[in-house]
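Structure record follows, encoded as structure tokens.
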Amino acid sequence: MPVVRPPKRAGIGREAGPPGEPRRIAYLYLLPAFVVYAAFLLYPLLRAVQISFYDWDGLTLGRWIGLDNYREVLTDEGLRSAFGHALVLMVFFAIIPTVVGLLLASVLNRAKVRGLSFFRTVVFLPQVVAMVVVAVAWRRIYAPDGSLNTLLGAVGLDSLTRGWLGDYDFALPAVGFVGSWFETGLVTVLLLAGMGRINGELYEAARLDGAGAVREFFAVTLPSVRGEIAVALTLTVIAALRTFDLVYVTTRGGPGNSTSVPSYEVYHRAFELGRVGSAAAIGVSLTIVIFVISFAITRIADRDAS
Amino acid sequence: MIRSPRILFVASALGIASVAACAPGSSTSPSTSPPASASAVQTDAAKMGAVTLLVWDQEVRGGQAAQMAELIKNFEAKYPNIKIKRVSRSFDDLKTTLRLALSGNEPPDVVEANNGRSDMGEFVKAGQLRPLDAYSKAYGWEARYPESVRQYSSYSPDGKTFGEGNLYGLPQVGETVGIFYNKKKLNASGLQAPTTWSEFQSSLATLKGKGEVPLVLGNLEKWPAIHVFGTVQGRTTPAVTIKSLAFGRSGATWKSPENLKAAAMLVDWVDKGYFNKGVNGQDYDPAWQSFTKGTGVYLIAGTWLQADLEKAMGADVGFMLPPGAAAGDNPVATGGTGLPFAITSKSKHPDAAAAYINFITNKDAMAVLAKTGNLPIADTSAQVVTGTLQKDVFTAFGTIVEKDGLVPYLDYATPTMYDTIGAALQDLLAKKATPEQFLDRLEKDYAAFASAKG
């Protein structure tokens with residue numbers, strides 16, 4: 001840009017603020033991205049919020065019913081239990097993988113085994129496979145004549161065999177376990193990366209102070225990877241709350257309604273029952289729940305870090 | 001300075017919201033009015049000028065796809081002025097996309113829509129499908145398809161009453177639930193194919209005594225048990241009552257001694273161990289596949305499995321309608337039609353669309369269907385078939401249509417019944433619910449719907 005005006009003394013051209021162009025112009029740069037964001041995210045979101053206030057079948061004119069759809073989310077027993085199932089899945093998708101991941105990562109990190117990258121790949125492998133494929137495979141494993149029951153039978157535990165996905169007590173944990181298996185790799189690799197950055201001198205100092213492996217873990221490793229844990233928890237909690245494909249493929253919410261989850265209800269109501277308004281209300285509620293929980297996780301991690 | 005752009009952002013976000021403020025569904029325009037009488041419709045397809053019809057169907061599998069391709073080829077050869085543009089999707093994909101497609105401004109001309117309330121019923125209510133009664137008169141469809149077949153695509157114009165009123169579509173194929181049996185295993189236990197229901201029940205006990213699995217069921221998907229329960233219910237409850245319940249008409253009740261008897265019979269089968277282990281955790285497909293490999297003696301399932309079972313078991317498998325109390329009784333079986341083909345209200349070429357539907361459901365089309373391994377809905381008994389199982393199935397279906405013994409799928413009753421009865425049956429089979437609780441649950445769904453409908 002050719003300089004038209006001769007530069008004045010520094011600090012007089014603009015009264016305050018950082019160097020560079022003024023804020024107003026900076027926002028202009030954001031505009032193209034914002035337009036795309038608004039068109040594909042904000043508009044659908046607001047539209048969903050709007051639809052959630054209607055009784056709408058997706059075809060004929062909707063009828064304004066105010067908060068009735070949300071009232072149903074809170075009072076309908078089936079929907080409440082769907083949210084309850086999502087919370088149970090959170091344990092399987094987030095808590096268990098984080099605990100197992102911490103253990104695995106610290107072992108892999110300490111042992112300095114040869115072929116670490118090989119193990120890392122193996123642990124991470126489930127993440128690479130599409131969830132639908134994972135679900136189909138596990139459905140076969142859990143089948144009454146599937147590999148899990150064959151295995152149990154082979155070691156003499158015939159009394160434990162059952163149709164896992166059809167069992168009222170075990171279907172939800174069975175689905176959850178697939179989630180644990182799926183998410184552990186992601187968490188482990190995240191934590192390994194975090195542990196790789198820990199300064200070796202810290203361990204040396206701890207050892208000089210007479211710390212064993214366990215003490216070392218709690219005093220050095222755990223505090224150092226707090227940031228990674230927060231990231232891992234956020235990602236896995238969101239994955240747990242929005243689980244759809246896994247349930248859709250393995251159980252379709254059964255047996256009875258013992259594995260239904262909110263996302264499945266959204267699909268089910270919108271596309272199968274034609275209750276688009278109610279589906280939108282569940283979707284919006286789910287969004288709020290996810291937002292609150294992930295906000296809480298980041299808040300807690302931030303406060304601890306400072 | 002810093003504030004104002006933010007306000008701008010908020011303002012633009014609100015602007016977007018206000019654009020969206022019109023009520024959902026308000027942009028759908030009302031339907032065009034149907035032709036008034038049979039004389040007003042054109043039935044000579046050759047005189048309709050150059051027309052391209054957009055057809056959405058779900059005929060994607062082997063024999064289904066083959067018959068459709070052949071019929072379209074024949075149609076285009078006979079009427080070169082009409083071109084068929086075909087879009088085929090699997091059942092599930094069609095179900096989810098059709099709703100959106102129909103509410104658009106240029107929907108397909110001919111669509112294959114699922115009969116149930118949550119599909120065809122909703123489309124009728126929204127005025128998106130054209131009543132076909134004028135065409136029915138002009139082409140003589142009432143002579144072609146009996147009432148028991150046409151009821152499955154009939155609705156009142158407001159979509160509230162299912163099973164009577166205007167005709168909205170014509171199906172090509174039929175299906176009925178019956179009992180497949182493994183002939184070899186039955187003979188090995190010294191048994192014959194039962195001719196009465198009590199014979200059937202006692203054969204279950206005999207088979208169990210010999211260490212066989214009498215009945216195969218894979219109910220992970222929830223819907224397979226609906227067919228088993230429907231079959232049992234057909235023995236205990238009058239067909240008229242089942243029709244009222246299944247079409248969701250007011251005036252019937254689930255809480256009857258007959259229905260209780262049916263539910264109790266099913267539980268009794270569970271108690272006696274007639275089913276394979278873990279039915280609620282078993283997939284439908286692996287279940288019938290295990291039947292072909294020699295697990296189990298009876299399989300209560302629909303005629304749609306015929307081609308697969310015949311391929312795997314050859315002459316060792318037979319099919320019968322569920323036997324009645326006495327050998328000569330009129331048969332009652334759950335069943336229905338394949339998805340009917342309907343014409344959209346916004347179609348610009350309804351006459352050509354009707355000509356197409358007429359062509360794919362006429363006598364010649366039925367022969368093509370039989371030839372490609374499908375079960376044609378009309379003239380079934382007259383078709384020449386080769387396989388022994390296919391022959392069983394064709395005879396059975398011909399009989400049930402002729403004797404008007406088809407009763408509808410129970411999940412047709414209300415938009416939510418598919419879920420309700422599916423989950424309730426899983427509960428019943430797992431003994432999480434008593435027969436009384438089971439019926440209470442169904443009655444609640446049914447009564448809420450019937451009373452809301454008025």
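To be explicit about the labels: the chains of the structure tokens are called A, B, and onward in the order shown, and within each one the residues are counted from 1, while ligands get numbers from 1 in the order they are shown.
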
Determine which residues of chain A sit within 9 Å of chain B, taking into account only C-alpha atoms, and present them as a PyMOL selection string.
chain A and resi 23-24+27+38-39+42-43+46-47+50-51+54+56-64+139-140+142-145+162-168+171+250-252+254-257+271-274

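DSSP on the backbone gives strand (DSSP E or B) for these parts of region 34-274 of chain A: A:Tyr54, A:Asp55, A:Arg63, A:Trp64.
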
Shell of 12 Å around Leu160 (chain A), only C-alpha atoms, local chain residues under 4 positions omitted, as a list of chain:residue names:
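So the residues in contact are A:Pro144, A:Leu148, A:Asn149, A:Thr150, A:Leu151, A:Leu152, A:Gly153, A:Ala154, A:Val155, A:Gly156, A:Trp164, A:Asp167, A:Phe170.
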
Could you name the residues that touch Ala94 (chain A) at 8 Å or less, counting only C-alpha atoms, but leaving out those on the same chain fewer than 4 positions away, as a VMD selection string?
chain A and resid 90 98 180 183 232 to 233 236 to 237 240

For region 202-212 of chain B, please output as number ranges by chain all residues within 12 Å (counting only C-alpha atoms; exclusion window: fewer than 6 positions along the same chain).
B: 181-182, 185-196, 268-276, 291, 294-299

Saved selection, atoms kept: C-alpha atoms, as a PDB file, in the first residue's frame:
```
ATOM      1  CA  TYR B 181     -40.586 -76.231   9.044  1.00  0.00           C
ATOM      2  CA  ASN B 182     -37.614 -78.502   8.635  1.00  0.00           C
ATOM      3  CA  LYS B 185     -36.110 -83.042  11.507  1.00  0.00           C
ATOM      4  CA  LEU B 186     -39.860 -83.342  11.784  1.00  0.00           C
ATOM      5  CA  ASN B 187     -39.747 -86.806  10.215  1.00  0.00           C
ATOM      6  CA  ALA B 188     -36.803 -87.846  12.355  1.00  0.00           C
ATOM      7  CA  SER B 189     -38.925 -87.161  15.434  1.00  0.00           C
ATOM      8  CA  GLY B 190     -41.743 -89.202  13.946  1.00  0.00           C
ATOM      9  CA  LEU B 191     -43.933 -86.169  13.274  1.00  0.00           C
ATOM     10  CA  GLN B 192     -45.958 -84.856  10.359  1.00  0.00           C
ATOM     11  CA  ALA B 193     -46.582 -81.235   9.447  1.00  0.00           C
ATOM     12  CA  PRO B 194     -49.384 -80.341  11.889  1.00  0.00           C
ATOM     13  CA  THR B 195     -52.837 -79.610  10.508  1.00  0.00           C
ATOM     14  CA  THR B 196     -54.363 -78.114  13.665  1.00  0.00           C
ATOM     15  CA  ASP B 268     -45.863 -70.558  28.310  1.00  0.00           C
ATOM     16  CA  TRP B 269     -43.660 -71.294  25.294  1.00  0.00           C
ATOM     17  CA  VAL B 270     -40.855 -69.330  26.928  1.00  0.00           C
ATOM     18  CA  ASP B 271     -41.350 -71.216  30.217  1.00  0.00           C
ATOM     19  CA  LYS B 272     -41.255 -74.551  28.471  1.00  0.00           C
ATOM     20  CA  GLY B 273     -38.049 -73.608  26.680  1.00  0.00           C
ATOM     21  CA  TYR B 274     -39.459 -73.920  23.179  1.00  0.00           C
ATOM     22  CA  PHE B 275     -37.383 -70.999  21.914  1.00  0.00           C
ATOM     23  CA  ASN B 276     -33.653 -70.900  21.311  1.00  0.00           C
ATOM     24  CA  PHE B 291     -32.392 -72.603  10.937  1.00  0.00           C
ATOM     25  CA  GLY B 294     -30.167 -77.391  11.152  1.00  0.00           C
ATOM     26  CA  THR B 295     -30.898 -75.513  14.376  1.00  0.00           C
ATOM     27  CA  GLY B 296     -34.555 -75.708  15.260  1.00  0.00           C
ATOM     28  CA  VAL B 297     -37.523 -77.281  13.589  1.00  0.00           C
ATOM     29  CA  TYR B 298     -40.058 -74.452  13.181  1.00  0.00           C
ATOM     30  CA  LEU B 299     -39.474 -70.876  12.161  1.00  0.00           C
TER      31      LEU B 299
END
```

Find the distance between CA of Ala279 (chain A) and CA of Asp68 (chain A) and write it in Å to one decimal.
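About the pair CA of Ala279 (chain A) and CA of Asp68 (chain A): they are 12.3 Å apart.
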
Within 8 Å of Ser278 (chain A), counting only C-alpha atoms, which residues show up once you throw out same-chain ones fewer than 6 positions away? Write them as an mmCIF file with C-alpha atoms, in the first residue's frame, please.
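selection21.cif written:
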```cif
data_model
loop_
_atom_site.group_PDB
_atom_site.id
_atom_site.type_symbol
_atom_site.label_atom_id
_atom_site.label_comp_id
_atom_site.auth_asym_id
_atom_site.auth_seq_id
_atom_site.Cartn_x
_atom_site.Cartn_y
_atom_site.Cartn_z
ATOM 1 C CA SER A 52 -38.705 -27.100 19.141
ATOM 2 C CA TYR A 54 -43.891 -26.280 17.618
ATOM 3 C CA ASP A 55 -45.872 -29.446 17.290
ATOM 4 C CA ASN A 69 -41.925 -30.227 24.049
ATOM 5 C CA TYR A 70 -39.408 -29.290 26.729
ATOM 6 C CA VAL A 266 -33.951 -37.512 18.059
ATOM 7 C CA ARG A 269 -38.875 -39.103 16.575
ATOM 8 C CA ALA A 270 -37.909 -36.997 13.593
#
```

Neighbouring residues of Leu87 (chain A) were defined as those with any atom within 12 Å, considering only C-alpha atoms; residues of the same chain fewer than 6 positions away were excluded. Please report them as a PyMOL selection string.
chain A and resi 80-81+93-95+172-173+176+237-243+259-262+286+289-290+293

Between CA of Trp288 (chain B) and CA of Lys371 (chain B), what is the distance in Å, rounded to a tenth?
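Distance between the two atoms: 24.2 Å.
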
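Interatomic distance, CA of Ala315 (chain B) against CA of Ile300 (chain B): 18.1 Å.
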